[in-house]
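Enquirer: This is input.cif (mmCIF, C-alpha atoms).
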data_data
loop_
_atom_site.label_atom_id
_atom_site.label_comp_id
_atom_site.auth_asym_id
_atom_site.auth_seq_id
_atom_site.Cartn_x
_atom_site.Cartn_y
_atom_site.Cartn_z
CA MET A 4 15.16 -14.59 -2.43
CA SER A 5 16.36 -17.36 -4.69
CA PRO A 6 16.99 -16.72 -8.39
CA GLU A 7 14.10 -19.03 -9.29
CA GLU A 8 11.66 -17.08 -7.13
CA GLU A 9 12.89 -13.82 -8.57
CA LYS A 10 12.49 -15.15 -12.11
CA GLU A 11 8.92 -16.26 -11.34
CA LEU A 12 8.09 -12.84 -9.91
CA HIS A 13 9.50 -11.13 -13.01
CA GLN A 14 7.41 -13.42 -15.23
CA ARG A 15 4.32 -12.66 -13.15
CA LEU A 16 5.06 -8.95 -13.43
CA ILE A 17 5.25 -9.25 -17.21
CA GLN A 18 1.94 -11.16 -17.34
CA LEU A 19 0.19 -8.59 -15.16
CA GLY A 20 1.69 -5.75 -17.19
CA ASP A 21 0.35 -7.32 -20.37
CA MET A 22 -3.09 -7.60 -18.78
CA MET A 23 -2.92 -3.94 -17.79
CA GLY A 24 -1.78 -3.04 -21.29
CA ASP A 25 -4.91 -4.71 -22.65
CA GLY A 26 -7.01 -2.64 -20.24
CA LEU A 27 -8.29 -5.58 -18.20
CA HIS A 28 -7.60 -3.79 -14.92
CA TYR A 29 -10.31 -1.22 -15.82
CA GLU A 30 -13.05 -3.85 -15.94
CA ARG A 31 -15.34 -4.35 -12.99
CA ASP A 32 -13.68 -7.55 -11.79
CA GLY A 33 -10.14 -6.49 -12.75
CA GLN A 34 -9.10 -4.48 -9.69
CA TRP A 35 -7.09 -7.44 -8.44
CA ILE A 36 -4.68 -6.97 -11.34
CA SER A 37 -3.52 -3.55 -10.12
CA ARG A 38 -3.24 -4.74 -6.52
CA GLU A 39 -1.23 -7.81 -7.48
CA TYR A 40 0.99 -5.75 -9.80
CA LYS A 41 1.91 -3.42 -6.92
CA ALA A 42 2.44 -6.35 -4.55
CA THR A 43 4.77 -7.98 -7.07
CA LEU A 44 6.72 -4.74 -7.49
CA ARG A 45 7.12 -4.51 -3.70
CA ALA A 46 8.22 -8.15 -3.49
CA LEU A 47 10.91 -7.46 -6.09
CA GLY A 48 11.99 -4.31 -4.26
CA LEU A 49 11.15 -2.06 -7.20
CA LEU A 50 8.47 -0.07 -5.36
CA LYS A 51 9.01 1.53 -2.01
CA ALA A 52 6.18 2.22 0.40
CA PRO A 53 5.17 5.89 0.40
CA LYS A 54 6.45 7.96 3.28
CA ARG A 55 3.82 8.94 5.79
CA LYS A 56 3.52 12.58 6.64
CA HIS A 57 4.31 13.47 10.21
CA ASN A 58 2.75 16.59 11.64
CA PRO A 59 4.16 17.15 15.14
CA THR A 60 2.12 20.30 15.78
CA LYS A 61 -1.14 18.49 15.16
CA THR A 62 -0.03 15.55 17.31
CA LEU A 63 0.92 17.91 20.12
CA ALA A 64 -2.45 19.68 19.95
CA VAL A 65 -4.31 16.36 20.14
CA ASP A 66 -2.20 15.26 23.10
CA GLU A 67 -2.92 18.50 24.95
CA ARG A 68 -6.67 18.26 24.33
CA MET A 69 -6.74 14.63 25.46
CA ALA A 70 -4.82 15.49 28.64
CA GLN A 71 -7.36 18.19 29.41
CA ARG A 72 -10.27 15.86 28.64
CA VAL A 73 -8.87 13.18 30.98
CA LYS A 74 -8.66 15.79 33.76
CA ASP A 75 -12.22 17.01 33.14
CA VAL A 76 -14.02 13.66 32.82
CA ALA A 77 -13.64 10.87 35.33
CA CYS A 78 -13.88 7.24 34.25
CA THR A 79 -16.97 5.41 35.44
#
What would you get if you wrote out this structure as structure tokens?
Expert:
Amino acid sequence: MSPEEEKELHQRLIQLGDMMGDGLHYERDGQWISREYKATLRALGLLKAPKRKHNPTKTLAVDERMAQRVKDVACT
């Protein structure tokens, strides 16, 4: 990312933060402000995506049930 792009993103982040500070993101048509704020944070690398939970026991149980279902029911 070029320094100019980074500077523009920082300016946009400040503008969106000011809008949120004024409470505009709580209005009916203001949901875009929160979404764009998070997208800007991600673009700057300041917000990481949340880790997804991995439950291997649940996955294994689903796999076993599907294997049994495939044996029991033939495709038409």
Enquirer: Identify all residues satisfying the PyMOL selection byres ((chain A and resi 41) around 12) in the given file; provide them as a list in words.
Expert: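 That expression, the PyMOL selection byres ((chain A and resi 41) around 12), corresponds here to Leu12, Arg15, Leu16, Leu19, Gly20, Met23, Gln34, Trp35, Ile36, Ser37, Arg38, Glu39, Tyr40, Ala42, Thr43, Leu44, Arg45, Ala46, Leu47, Gly48, Leu49, Leu50, Lys51 and Ala52 of chain A.
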Enquirer: Using CA of Glu8 (chain A) and CA of His28 (chain A) as the two end points, give the distance in Å to one decimal.
Expert: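 About the pair CA of Glu8 (chain A) and CA of His28 (chain A): they are 24.7 Å apart.
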Enquirer: Rounded to one decimal in Å, what is the spacing between CA of Gly26 (chain A) and CA of Glu9 (chain A)?
Expert: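 For CA of Gly26 (chain A) relative to CA of Glu9 (chain A), the distance reads 25.6 Å.
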Enquirer: Could you tell me how far CA of Lys54 (chain A) sits from CA of Met22 (chain A), in Å to one decimal place?
Expert: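 We find that CA of Met22 (chain A) and CA of Lys54 (chain A) lie 28.6 Å from each other.
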Enquirer: Which centre and which edge lengths, in Å to one decimal, describe the axis-aligned box that holds all listed atoms of region 53-59 of chain A after 3 Å is added on each side, as lines of an AutoDock Vina configuration file?
Expert:
center_x = 4.6
center_y = 11.5
center_z = 7.8
size_x = 9.7
size_y = 17.3
size_z = 20.7
